[in-house]
>>> print(open('protein.cif').read())   # mmCIF, N, CA and C atoms
data_query
loop_
_atom_site.label_atom_id
_atom_site.label_comp_id
_atom_site.auth_asym_id
_atom_site.auth_seq_id
_atom_site.Cartn_x
_atom_site.Cartn_y
_atom_site.Cartn_z
N MET A 1 -12.22 6.91 -25.73
CA MET A 1 -12.28 6.60 -24.32
C MET A 1 -11.56 7.68 -23.52
N ARG A 2 -12.15 8.10 -22.44
CA ARG A 2 -11.59 9.15 -21.59
C ARG A 2 -10.51 8.57 -20.67
N TRP A 3 -9.38 9.28 -20.56
CA TRP A 3 -8.32 8.84 -19.66
C TRP A 3 -8.73 9.11 -18.22
N CYS A 4 -8.49 8.13 -17.37
CA CYS A 4 -8.82 8.29 -15.95
C CYS A 4 -7.84 7.45 -15.13
N PRO A 5 -7.07 8.08 -14.26
CA PRO A 5 -6.12 7.31 -13.46
C PRO A 5 -6.85 6.48 -12.40
N HIS A 6 -6.22 5.38 -12.02
CA HIS A 6 -6.72 4.54 -10.94
C HIS A 6 -6.13 5.06 -9.64
N VAL A 7 -6.97 5.49 -8.71
CA VAL A 7 -6.50 6.02 -7.44
C VAL A 7 -6.40 4.88 -6.44
N THR A 8 -5.19 4.69 -5.89
CA THR A 8 -4.94 3.63 -4.92
C THR A 8 -4.29 4.20 -3.68
N VAL A 9 -4.36 3.42 -2.61
CA VAL A 9 -3.71 3.75 -1.34
C VAL A 9 -2.85 2.57 -0.93
N ALA A 10 -1.84 2.84 -0.13
CA ALA A 10 -0.96 1.77 0.35
C ALA A 10 -0.53 2.07 1.78
N ALA A 11 -0.33 1.00 2.55
CA ALA A 11 0.14 1.12 3.93
C ALA A 11 1.60 0.66 3.97
N VAL A 12 2.48 1.57 4.40
CA VAL A 12 3.89 1.24 4.58
C VAL A 12 4.08 0.99 6.07
N ILE A 13 4.26 -0.29 6.40
CA ILE A 13 4.30 -0.70 7.80
C ILE A 13 5.66 -1.31 8.09
N GLU A 14 6.42 -0.65 8.99
CA GLU A 14 7.75 -1.13 9.35
C GLU A 14 7.77 -1.50 10.82
N ARG A 15 8.41 -2.62 11.11
CA ARG A 15 8.60 -3.05 12.49
C ARG A 15 9.97 -3.72 12.58
N GLU A 16 10.83 -3.17 13.43
CA GLU A 16 12.17 -3.73 13.66
C GLU A 16 12.94 -3.97 12.37
N GLY A 17 12.87 -2.99 11.45
CA GLY A 17 13.63 -3.07 10.21
C GLY A 17 13.02 -3.95 9.13
N ARG A 18 11.82 -4.45 9.36
CA ARG A 18 11.13 -5.27 8.37
C ARG A 18 9.83 -4.58 7.97
N PHE A 19 9.44 -4.82 6.73
CA PHE A 19 8.22 -4.23 6.20
C PHE A 19 7.19 -5.33 5.96
N LEU A 20 5.95 -5.01 6.26
CA LEU A 20 4.86 -5.96 6.07
C LEU A 20 4.37 -5.88 4.63
N LEU A 21 4.47 -6.98 3.94
CA LEU A 21 3.98 -7.09 2.57
C LEU A 21 2.94 -8.19 2.50
N VAL A 22 2.18 -8.18 1.42
CA VAL A 22 1.25 -9.26 1.15
C VAL A 22 1.70 -9.96 -0.12
N GLU A 23 1.51 -11.26 -0.14
CA GLU A 23 1.72 -12.02 -1.37
C GLU A 23 0.33 -12.27 -1.94
N GLU A 24 0.16 -11.92 -3.21
CA GLU A 24 -1.15 -12.01 -3.84
C GLU A 24 -1.03 -12.48 -5.28
N GLU A 25 -2.15 -12.88 -5.83
CA GLU A 25 -2.24 -13.25 -7.24
C GLU A 25 -2.61 -12.00 -8.04
N ALA A 26 -1.82 -11.70 -9.06
CA ALA A 26 -2.12 -10.56 -9.94
C ALA A 26 -1.56 -10.84 -11.32
N GLU A 27 -2.36 -10.63 -12.31
CA GLU A 27 -1.94 -10.81 -13.71
C GLU A 27 -1.34 -12.19 -13.93
N GLY A 28 -1.93 -13.20 -13.29
CA GLY A 28 -1.52 -14.57 -13.49
C GLY A 28 -0.24 -15.01 -12.79
N ARG A 29 0.23 -14.22 -11.82
CA ARG A 29 1.45 -14.62 -11.10
C ARG A 29 1.36 -14.18 -9.65
N ARG A 30 2.22 -14.78 -8.82
CA ARG A 30 2.31 -14.40 -7.40
C ARG A 30 3.23 -13.20 -7.28
N VAL A 31 2.72 -12.15 -6.65
CA VAL A 31 3.50 -10.92 -6.51
C VAL A 31 3.48 -10.45 -5.06
N LEU A 32 4.42 -9.57 -4.74
CA LEU A 32 4.50 -8.95 -3.43
C LEU A 32 4.09 -7.49 -3.55
N ASN A 33 3.37 -7.01 -2.56
CA ASN A 33 2.88 -5.63 -2.57
C ASN A 33 2.70 -5.17 -1.14
N GLN A 34 2.66 -3.86 -0.94
CA GLN A 34 2.20 -3.36 0.33
C GLN A 34 0.71 -3.70 0.45
N PRO A 35 0.17 -3.73 1.66
CA PRO A 35 -1.28 -3.77 1.76
C PRO A 35 -1.80 -2.53 1.03
N ALA A 36 -2.56 -2.74 -0.02
CA ALA A 36 -2.93 -1.62 -0.89
C ALA A 36 -4.18 -1.96 -1.67
N GLY A 37 -4.82 -0.94 -2.19
CA GLY A 37 -5.99 -1.17 -3.03
C GLY A 37 -6.59 0.14 -3.50
N HIS A 38 -7.71 0.00 -4.16
CA HIS A 38 -8.38 1.15 -4.77
C HIS A 38 -9.21 1.94 -3.75
N LEU A 39 -9.25 3.22 -3.99
CA LEU A 39 -10.10 4.13 -3.23
C LEU A 39 -11.55 3.88 -3.63
N ASP A 40 -12.43 3.73 -2.64
CA ASP A 40 -13.86 3.60 -2.92
C ASP A 40 -14.51 4.97 -3.01
N GLU A 41 -15.57 5.06 -3.76
CA GLU A 41 -16.28 6.33 -3.93
C GLU A 41 -16.69 6.91 -2.59
N GLY A 42 -16.39 8.19 -2.38
CA GLY A 42 -16.78 8.90 -1.16
C GLY A 42 -15.91 8.59 0.06
N GLU A 43 -14.88 7.79 -0.09
CA GLU A 43 -14.05 7.36 1.03
C GLU A 43 -12.85 8.29 1.20
N PRO A 44 -12.57 8.77 2.41
CA PRO A 44 -11.35 9.53 2.63
C PRO A 44 -10.12 8.65 2.39
N LEU A 45 -9.04 9.24 1.91
CA LEU A 45 -7.84 8.48 1.56
C LEU A 45 -7.26 7.70 2.74
N ALA A 46 -7.13 8.33 3.91
CA ALA A 46 -6.56 7.63 5.07
C ALA A 46 -7.47 6.48 5.51
N ALA A 47 -8.77 6.68 5.43
CA ALA A 47 -9.71 5.61 5.79
C ALA A 47 -9.58 4.44 4.81
N ALA A 48 -9.34 4.75 3.54
CA ALA A 48 -9.16 3.69 2.54
C ALA A 48 -7.91 2.87 2.85
N ALA A 49 -6.83 3.54 3.27
CA ALA A 49 -5.60 2.82 3.62
C ALA A 49 -5.83 1.92 4.83
N ALA A 50 -6.55 2.41 5.82
CA ALA A 50 -6.85 1.60 7.00
C ALA A 50 -7.71 0.40 6.61
N ARG A 51 -8.70 0.61 5.78
CA ARG A 51 -9.58 -0.48 5.33
C ARG A 51 -8.80 -1.53 4.56
N GLU A 52 -8.01 -1.08 3.59
CA GLU A 52 -7.25 -2.03 2.76
C GLU A 52 -6.26 -2.83 3.61
N ALA A 53 -5.57 -2.18 4.54
CA ALA A 53 -4.62 -2.89 5.39
C ALA A 53 -5.34 -3.94 6.24
N LEU A 54 -6.47 -3.59 6.79
CA LEU A 54 -7.24 -4.55 7.59
C LEU A 54 -7.69 -5.73 6.73
N GLU A 55 -8.20 -5.44 5.55
CA GLU A 55 -8.68 -6.51 4.67
C GLU A 55 -7.54 -7.43 4.22
N GLU A 56 -6.38 -6.86 3.96
CA GLU A 56 -5.30 -7.65 3.37
C GLU A 56 -4.33 -8.25 4.38
N THR A 57 -4.28 -7.71 5.61
CA THR A 57 -3.39 -8.28 6.63
C THR A 57 -4.16 -8.92 7.78
N GLY A 58 -5.41 -8.53 7.96
CA GLY A 58 -6.20 -9.03 9.08
C GLY A 58 -6.03 -8.23 10.35
N TRP A 59 -5.14 -7.23 10.35
CA TRP A 59 -4.88 -6.43 11.54
C TRP A 59 -5.28 -4.97 11.31
N PRO A 60 -5.77 -4.28 12.35
CA PRO A 60 -6.06 -2.85 12.22
C PRO A 60 -4.80 -2.03 11.99
N PHE A 61 -4.91 -1.06 11.08
CA PHE A 61 -3.82 -0.15 10.74
C PHE A 61 -4.28 1.26 11.00
N ARG A 62 -3.41 2.07 11.64
CA ARG A 62 -3.71 3.47 11.90
C ARG A 62 -2.75 4.35 11.11
N PRO A 63 -3.23 4.98 10.03
CA PRO A 63 -2.37 5.91 9.27
C PRO A 63 -1.96 7.08 10.15
N GLU A 64 -0.66 7.41 10.11
CA GLU A 64 -0.14 8.50 10.93
C GLU A 64 0.52 9.61 10.13
N ALA A 65 0.91 9.30 8.89
CA ALA A 65 1.58 10.29 8.03
C ALA A 65 1.48 9.84 6.58
N VAL A 66 1.61 10.80 5.69
CA VAL A 66 1.68 10.51 4.27
C VAL A 66 3.15 10.36 3.90
N VAL A 67 3.51 9.23 3.32
CA VAL A 67 4.89 9.01 2.87
C VAL A 67 5.10 9.70 1.53
N GLY A 68 4.14 9.58 0.64
CA GLY A 68 4.27 10.20 -0.67
C GLY A 68 3.06 9.96 -1.54
N ILE A 69 3.05 10.68 -2.64
CA ILE A 69 2.02 10.54 -3.66
C ILE A 69 2.75 10.22 -4.95
N TYR A 70 2.37 9.14 -5.59
CA TYR A 70 3.12 8.58 -6.72
C TYR A 70 2.23 8.40 -7.94
N ARG A 71 2.78 8.67 -9.10
CA ARG A 71 2.10 8.39 -10.36
C ARG A 71 2.95 7.39 -11.12
N TRP A 72 2.29 6.33 -11.61
CA TRP A 72 3.01 5.29 -12.34
C TRP A 72 2.14 4.79 -13.48
N ARG A 73 2.74 4.65 -14.64
CA ARG A 73 2.05 4.11 -15.81
C ARG A 73 2.53 2.69 -16.04
N HIS A 74 1.60 1.76 -15.99
CA HIS A 74 1.92 0.34 -16.18
C HIS A 74 2.40 0.14 -17.61
N PRO A 75 3.61 -0.37 -17.81
CA PRO A 75 4.13 -0.50 -19.18
C PRO A 75 3.39 -1.55 -20.01
N GLY A 76 2.77 -2.53 -19.35
CA GLY A 76 2.10 -3.59 -20.08
C GLY A 76 0.73 -3.22 -20.61
N ASN A 77 -0.06 -2.51 -19.78
CA ASN A 77 -1.43 -2.21 -20.21
C ASN A 77 -1.72 -0.72 -20.36
N GLY A 78 -0.74 0.13 -20.05
CA GLY A 78 -0.91 1.57 -20.22
C GLY A 78 -1.74 2.26 -19.16
N ARG A 79 -2.26 1.52 -18.18
CA ARG A 79 -3.06 2.16 -17.13
C ARG A 79 -2.16 3.02 -16.24
N THR A 80 -2.71 4.16 -15.83
CA THR A 80 -1.99 5.05 -14.93
C THR A 80 -2.56 4.90 -13.53
N PHE A 81 -1.66 4.80 -12.55
CA PHE A 81 -2.05 4.67 -11.16
C PHE A 81 -1.54 5.88 -10.39
N LEU A 82 -2.39 6.41 -9.54
CA LEU A 82 -2.02 7.48 -8.61
C LEU A 82 -2.14 6.87 -7.22
N ARG A 83 -1.00 6.70 -6.55
CA ARG A 83 -0.97 6.03 -5.24
C ARG A 83 -0.63 7.03 -4.15
N VAL A 84 -1.38 6.97 -3.06
CA VAL A 84 -1.06 7.73 -1.86
C VAL A 84 -0.63 6.70 -0.82
N ALA A 85 0.61 6.82 -0.36
CA ALA A 85 1.16 5.86 0.60
C ALA A 85 1.19 6.48 1.99
N PHE A 86 0.80 5.67 2.96
CA PHE A 86 0.71 6.11 4.35
C PHE A 86 1.64 5.29 5.23
N ALA A 87 2.34 5.95 6.15
CA ALA A 87 3.06 5.28 7.23
C ALA A 87 2.12 5.25 8.42
N GLY A 88 2.28 4.24 9.24
CA GLY A 88 1.44 4.16 10.42
C GLY A 88 1.76 2.94 11.25
N SER A 89 0.89 2.69 12.21
CA SER A 89 1.11 1.58 13.11
C SER A 89 0.05 0.51 12.93
N LEU A 90 0.46 -0.69 13.24
CA LEU A 90 -0.37 -1.87 13.08
C LEU A 90 -0.64 -2.46 14.45
N ASP A 91 -1.86 -2.85 14.72
CA ASP A 91 -2.22 -3.45 16.00
C ASP A 91 -2.23 -4.97 15.86
N THR A 92 -1.06 -5.60 16.04
CA THR A 92 -0.98 -7.05 15.92
C THR A 92 -1.46 -7.75 17.18
N ASP A 93 -1.82 -6.98 18.22
CA ASP A 93 -2.39 -7.58 19.43
C ASP A 93 -3.90 -7.79 19.28
N ALA A 94 -4.49 -7.14 18.30
CA ALA A 94 -5.93 -7.30 18.06
C ALA A 94 -6.18 -8.68 17.46
N PRO A 95 -7.37 -9.23 17.66
CA PRO A 95 -7.68 -10.51 17.01
C PRO A 95 -7.56 -10.36 15.50
N ARG A 96 -6.93 -11.32 14.87
CA ARG A 96 -6.69 -11.25 13.44
C ARG A 96 -7.92 -11.71 12.65
N ARG A 97 -8.29 -10.91 11.69
CA ARG A 97 -9.40 -11.25 10.80
C ARG A 97 -8.89 -12.08 9.63
N PRO A 98 -9.78 -12.80 8.97
CA PRO A 98 -9.36 -13.55 7.77
C PRO A 98 -8.88 -12.59 6.68
N LEU A 99 -7.96 -13.05 5.85
CA LEU A 99 -7.42 -12.23 4.76
C LEU A 99 -8.41 -12.23 3.60
N ASP A 100 -8.38 -11.14 2.83
CA ASP A 100 -9.20 -11.02 1.62
C ASP A 100 -8.92 -12.17 0.66
N ALA A 101 -9.92 -12.50 -0.14
CA ALA A 101 -9.72 -13.45 -1.22
C ALA A 101 -8.64 -12.89 -2.14
N GLY A 102 -7.75 -13.74 -2.60
CA GLY A 102 -6.67 -13.29 -3.47
C GLY A 102 -5.38 -12.99 -2.73
N ILE A 103 -5.46 -12.78 -1.41
CA ILE A 103 -4.27 -12.58 -0.61
C ILE A 103 -3.83 -13.96 -0.12
N LEU A 104 -2.63 -14.36 -0.49
CA LEU A 104 -2.14 -15.70 -0.15
C LEU A 104 -1.55 -15.75 1.26
N ARG A 105 -0.82 -14.67 1.61
CA ARG A 105 -0.22 -14.62 2.95
C ARG A 105 0.38 -13.24 3.17
N THR A 106 0.72 -12.98 4.43
CA THR A 106 1.48 -11.78 4.76
C THR A 106 2.91 -12.22 5.07
N VAL A 107 3.85 -11.31 4.86
CA VAL A 107 5.26 -11.63 5.10
C VAL A 107 5.99 -10.36 5.52
N TRP A 108 6.87 -10.50 6.51
CA TRP A 108 7.72 -9.39 6.94
C TRP A 108 9.07 -9.56 6.27
N MET A 109 9.55 -8.51 5.59
CA MET A 109 10.82 -8.59 4.85
C MET A 109 11.65 -7.33 5.08
N ARG A 110 12.97 -7.51 5.09
CA ARG A 110 13.89 -6.37 5.15
C ARG A 110 13.96 -5.72 3.75
N ARG A 111 14.44 -4.49 3.72
CA ARG A 111 14.53 -3.76 2.45
C ARG A 111 15.41 -4.52 1.45
N ASP A 112 16.54 -5.08 1.90
CA ASP A 112 17.42 -5.80 0.98
C ASP A 112 16.74 -7.06 0.43
N GLU A 113 15.92 -7.72 1.22
CA GLU A 113 15.19 -8.90 0.74
C GLU A 113 14.15 -8.49 -0.31
N ILE A 114 13.52 -7.36 -0.07
CA ILE A 114 12.52 -6.86 -1.02
C ILE A 114 13.20 -6.48 -2.33
N ALA A 115 14.32 -5.79 -2.25
CA ALA A 115 15.06 -5.41 -3.46
C ALA A 115 15.52 -6.65 -4.22
N ALA A 116 15.93 -7.69 -3.50
CA ALA A 116 16.37 -8.93 -4.15
C ALA A 116 15.22 -9.64 -4.85
N ALA A 117 14.00 -9.35 -4.42
CA ALA A 117 12.81 -9.96 -5.03
C ALA A 117 12.13 -8.99 -5.99
N ALA A 118 12.89 -8.06 -6.57
CA ALA A 118 12.31 -7.00 -7.42
C ALA A 118 11.46 -7.55 -8.55
N ASP A 119 11.82 -8.70 -9.09
CA ASP A 119 11.03 -9.28 -10.18
C ASP A 119 9.68 -9.81 -9.71
N ARG A 120 9.49 -9.92 -8.40
CA ARG A 120 8.22 -10.38 -7.84
C ARG A 120 7.35 -9.24 -7.31
N LEU A 121 7.84 -8.01 -7.37
CA LEU A 121 7.05 -6.89 -6.87
C LEU A 121 5.92 -6.57 -7.84
N ARG A 122 4.77 -6.24 -7.30
CA ARG A 122 3.62 -5.93 -8.15
C ARG A 122 3.91 -4.75 -9.06
N SER A 123 4.65 -3.78 -8.52
CA SER A 123 5.04 -2.61 -9.31
C SER A 123 6.26 -1.98 -8.66
N PRO A 124 6.91 -1.06 -9.38
CA PRO A 124 8.05 -0.35 -8.78
C PRO A 124 7.62 0.58 -7.65
N LEU A 125 6.34 0.80 -7.49
CA LEU A 125 5.84 1.64 -6.41
C LEU A 125 6.18 1.05 -5.04
N VAL A 126 6.23 -0.27 -4.94
CA VAL A 126 6.49 -0.93 -3.66
C VAL A 126 7.83 -0.45 -3.09
N LEU A 127 8.88 -0.58 -3.86
CA LEU A 127 10.20 -0.19 -3.36
C LEU A 127 10.35 1.33 -3.26
N ALA A 128 9.70 2.07 -4.14
CA ALA A 128 9.76 3.54 -4.06
C ALA A 128 9.17 4.03 -2.74
N CYS A 129 8.06 3.46 -2.33
CA CYS A 129 7.43 3.86 -1.06
C CYS A 129 8.33 3.50 0.13
N ILE A 130 8.92 2.32 0.09
CA ILE A 130 9.80 1.88 1.18
C ILE A 130 11.03 2.78 1.26
N ASP A 131 11.63 3.07 0.12
CA ASP A 131 12.82 3.94 0.12
C ASP A 131 12.49 5.34 0.64
N ASP A 132 11.36 5.89 0.25
CA ASP A 132 10.97 7.21 0.76
C ASP A 132 10.72 7.14 2.26
N HIS A 133 10.08 6.08 2.72
CA HIS A 133 9.86 5.89 4.15
C HIS A 133 11.19 5.84 4.90
N LEU A 134 12.14 5.07 4.38
CA LEU A 134 13.45 4.95 5.02
C LEU A 134 14.21 6.27 5.02
N ARG A 135 13.96 7.12 4.02
CA ARG A 135 14.59 8.45 3.97
C ARG A 135 13.92 9.43 4.93
N GLY A 136 12.84 8.99 5.57
CA GLY A 136 12.18 9.84 6.55
C GLY A 136 11.05 10.68 6.00
N ALA A 137 10.58 10.37 4.80
CA ALA A 137 9.48 11.16 4.22
C ALA A 137 8.22 10.96 5.06
N ARG A 138 7.76 12.03 5.68
CA ARG A 138 6.54 12.00 6.49
C ARG A 138 5.86 13.36 6.33
N HIS A 139 4.69 13.34 5.80
CA HIS A 139 3.91 14.57 5.66
C HIS A 139 2.67 14.42 6.52
N PRO A 140 2.22 15.51 7.14
CA PRO A 140 1.06 15.39 8.03
C PRO A 140 -0.19 14.96 7.25
N LEU A 141 -1.06 14.25 7.93
CA LEU A 141 -2.32 13.84 7.31
C LEU A 141 -3.15 15.03 6.86
N THR A 142 -2.90 16.20 7.45
CA THR A 142 -3.63 17.41 7.05
C THR A 142 -3.27 17.85 5.63
N LEU A 143 -2.23 17.24 5.05
CA LEU A 143 -1.90 17.49 3.65
C LEU A 143 -3.11 17.14 2.76
N LEU A 144 -3.88 16.14 3.19
CA LEU A 144 -5.02 15.65 2.40
C LEU A 144 -6.31 16.26 2.96
N ARG A 145 -7.08 16.85 2.08
CA ARG A 145 -8.34 17.46 2.50
C ARG A 145 -9.46 16.96 1.64
N ASP A 146 -10.56 16.61 2.27
CA ASP A 146 -11.78 16.24 1.56
C ASP A 146 -12.68 17.47 1.52
N ILE A 147 -13.05 17.87 0.34
CA ILE A 147 -13.93 19.03 0.16
C ILE A 147 -15.28 18.49 -0.31
N GLU A 148 -16.29 18.72 0.44
CA GLU A 148 -17.64 18.24 0.09
C GLU A 148 -18.47 19.39 -0.43
N GLY A 149 -19.25 19.10 -1.46
CA GLY A 149 -20.21 20.07 -1.95
C GLY A 149 -19.70 21.16 -2.81
#
>>> encode(input="protein.cif", output="structure tokens")
Amino acid sequence: MRWCPHVTVAAVIEREGRFLLVEEEAEGRRVLNQPAGHLDEGEPLAAAAAREALEETGWPFRPEAVVGIYRWRHPGNGRTFLRVAFAGSLDTDAPRRPLDAGILRTVWMRRDEIAAAADRLRSPLVLACIDDHLRGARHPLTLLRDIEG
């Protein structure tokens, strides 16, 4: 079998010292994660982050910067994930759409609350993205280029 990493995107959304997370069912348990998901074929990375955030929170998200690019190997199943995390703004004034199936709820949490719930995080990527965001990691969206043909 050929090795192939799973490419995912995540939205790091902070408002007044709290981060927007989703509670979802994964691997038979309730976990916390950023609004995140897999890149679809032919989809630009920033557009994927906006789509996933809308699907999982019900609100439009506008990516404004790249927080980081992360590689993580799941210790349980050996799958490798390549995550591109985006900082941006959320339009909570827009009419809220229904949440994706599998998303139980959205929740705003402070960094210390998230760290205290480390055993409930979907992966260590959640806190790594938040910590990089808090350190001021912001790379321009021009860092990512789609080359066609």
>>> closest_residue(input="protein.cif", among="A:Cys129, A:Leu82, A:Leu45, A:Leu104", to="Arg29 of chain A", atoms="only C-alpha atoms")
A:Leu104
>>> closest_residue(input="protein.cif", among="A:Glu148, A:Asp131, A:Asp93, A:Glu52", to="Ala10 of chain A", atoms="all atoms listed in the file")
A:Glu52
>>> residues_around(input="protein.cif", residues="segment 40-42 of chain A", least_positions_apart="6", cutoff="8 Å", atoms="only N, CA and C atoms", output="number ranges by chain")
A: 7-8, 48
>>> residues_around(input="protein.cif", residues="segment 142-146 of chain A", least_positions_apart="3", cutoff="8 Å", atoms="all atoms listed in the file", output="MDAnalysis selection string")
chainID A and resid 44:46 64:66 139 149
>>> resolve_selection(input="protein.cif", expression="the PyMOL selection byres (((chain A and resi 6 and name CA) around 10) and name CA)", output="PDB file with N, CA and C atoms, in the frame of the given file")
ATOM      1  N   TRP A   3      -9.380   9.280 -20.560  1.00  0.00           N
ATOM      2  CA  TRP A   3      -8.320   8.840 -19.660  1.00  0.00           C
ATOM      3  C   TRP A   3      -8.730   9.110 -18.220  1.00  0.00           C
ATOM      4  N   CYS A   4      -8.490   8.130 -17.370  1.00  0.00           N
ATOM      5  CA  CYS A   4      -8.820   8.290 -15.950  1.00  0.00           C
ATOM      6  C   CYS A   4      -7.840   7.450 -15.130  1.00  0.00           C
ATOM      7  N   PRO A   5      -7.070   8.080 -14.260  1.00  0.00           N
ATOM      8  CA  PRO A   5      -6.120   7.310 -13.460  1.00  0.00           C
ATOM      9  C   PRO A   5      -6.850   6.480 -12.400  1.00  0.00           C
ATOM     10  N   VAL A   7      -6.970   5.490  -8.710  1.00  0.00           N
ATOM     11  CA  VAL A   7      -6.500   6.020  -7.440  1.00  0.00           C
ATOM     12  C   VAL A   7      -6.400   4.880  -6.440  1.00  0.00           C
ATOM     13  N   THR A   8      -5.190   4.690  -5.890  1.00  0.00           N
ATOM     14  CA  THR A   8      -4.940   3.630  -4.920  1.00  0.00           C
ATOM     15  C   THR A   8      -4.290   4.200  -3.680  1.00  0.00           C
ATOM     16  N   GLY A  37      -4.820  -0.940  -2.190  1.00  0.00           N
ATOM     17  CA  GLY A  37      -5.990  -1.170  -3.030  1.00  0.00           C
ATOM     18  C   GLY A  37      -6.590   0.140  -3.500  1.00  0.00           C
ATOM     19  N   HIS A  38      -7.710   0.000  -4.160  1.00  0.00           N
ATOM     20  CA  HIS A  38      -8.380   1.150  -4.770  1.00  0.00           C
ATOM     21  C   HIS A  38      -9.210   1.940  -3.750  1.00  0.00           C
ATOM     22  N   LEU A  39      -9.250   3.220  -3.990  1.00  0.00           N
ATOM     23  CA  LEU A  39     -10.100   4.130  -3.230  1.00  0.00           C
ATOM     24  C   LEU A  39     -11.550   3.880  -3.630  1.00  0.00           C
ATOM     25  N   ARG A  71       2.780   8.670  -9.100  1.00  0.00           N
ATOM     26  CA  ARG A  71       2.100   8.390 -10.360  1.00  0.00           C
ATOM     27  C   ARG A  71       2.950   7.390 -11.120  1.00  0.00           C
ATOM     28  N   TRP A  72       2.290   6.330 -11.610  1.00  0.00           N
ATOM     29  CA  TRP A  72       3.010   5.290 -12.340  1.00  0.00           C
ATOM     30  C   TRP A  72       2.140   4.790 -13.480  1.00  0.00           C
ATOM     31  N   ARG A  79      -2.260   1.520 -18.180  1.00  0.00           N
ATOM     32  CA  ARG A  79      -3.060   2.160 -17.130  1.00  0.00           C
ATOM     33  C   ARG A  79      -2.160   3.020 -16.240  1.00  0.00           C
ATOM     34  N   THR A  80      -2.710   4.160 -15.830  1.00  0.00           N
ATOM     35  CA  THR A  80      -1.990   5.050 -14.930  1.00  0.00           C
ATOM     36  C   THR A  80      -2.560   4.900 -13.530  1.00  0.00           C
ATOM     37  N   PHE A  81      -1.660   4.800 -12.550  1.00  0.00           N
ATOM     38  CA  PHE A  81      -2.050   4.670 -11.160  1.00  0.00           C
ATOM     39  C   PHE A  81      -1.540   5.880 -10.390  1.00  0.00           C
ATOM     40  N   LEU A  82      -2.390   6.410  -9.540  1.00  0.00           N
ATOM     41  CA  LEU A  82      -2.020   7.480  -8.610  1.00  0.00           C
ATOM     42  C   LEU A  82      -2.140   6.870  -7.220  1.00  0.00           C
ATOM     43  N   ARG A  83      -1.000   6.700  -6.550  1.00  0.00           N
ATOM     44  CA  ARG A  83      -0.970   6.030  -5.240  1.00  0.00           C
ATOM     45  C   ARG A  83      -0.630   7.030  -4.150  1.00  0.00           C
TER      46      ARG A  83
END
>>> residues_around(input="protein.cif", residues="Glu24 of chain A", least_positions_apart="4", cutoff="8 Å", atoms="only C-alpha atoms", output="list in words")
Arg30, Val31, Leu32, Asn33, Gly102, Ile103, Leu104 and Arg105 of chain A
>>> closest_residue(input="protein.cif", among="A:Ile114, A:Ala85, A:Val67, A:Ala26", to="Arg135 of chain A", atoms="only C-alpha atoms")
A:Val67
>>> resolve_selection(input="protein.cif", expression="the PyMOL selection byres (((chain A and resi 96 and name CA) around 6) and name CA)", output="list in words")
Gly58, Trp59, Pro95 and Arg97 of chain A
>>> atom_distance(input="protein.cif", atom1="atom N of Glu56 of chain A", atom2="atom C of Ala128 of chain A")
20.1 Å
>>> select_by_dssp(input="protein.cif", residues="chain A", states="helix (DSSP H, G or I)", output="MDAnalysis selection string")
chainID A and resid 45:57 111:116 118:120 125:134 141:143
>>> select_by_dssp(input="protein.cif", residues="chain A", states="strand (DSSP E)", output="ChimeraX atom specification")
/A:6-12,14-15,18-26,29-33,36-38,61-73,80-90,103-110
>>> residues_around(input="protein.cif", residues="Ile13 of chain A", least_positions_apart="6", cutoff="6 Å", atoms="only N, CA and C atoms", output="list of chain:residue names")
A:Phe19, A:Leu20, A:Ala87, A:Gly88
>>> residues_around(input="protein.cif", residues="Arg110 of chain A", least_positions_apart="2", cutoff="12 Å", atoms="only C-alpha atoms", output="MDAnalysis selection string")
chainID A and resid 13:21 107:108 112:117 127 130:131 134
>>> atom_distance(input="protein.cif", atom1="atom N of Gln34 of chain A", atom2="atom N of Arg122 of chain A")
7.1 Å
>>> closest_residue(input="protein.cif", among="A:Leu141, A:Glu27, A:Val9, A:Val22", to="Gly76 of chain A", atoms="only C-alpha atoms")
A:Glu27
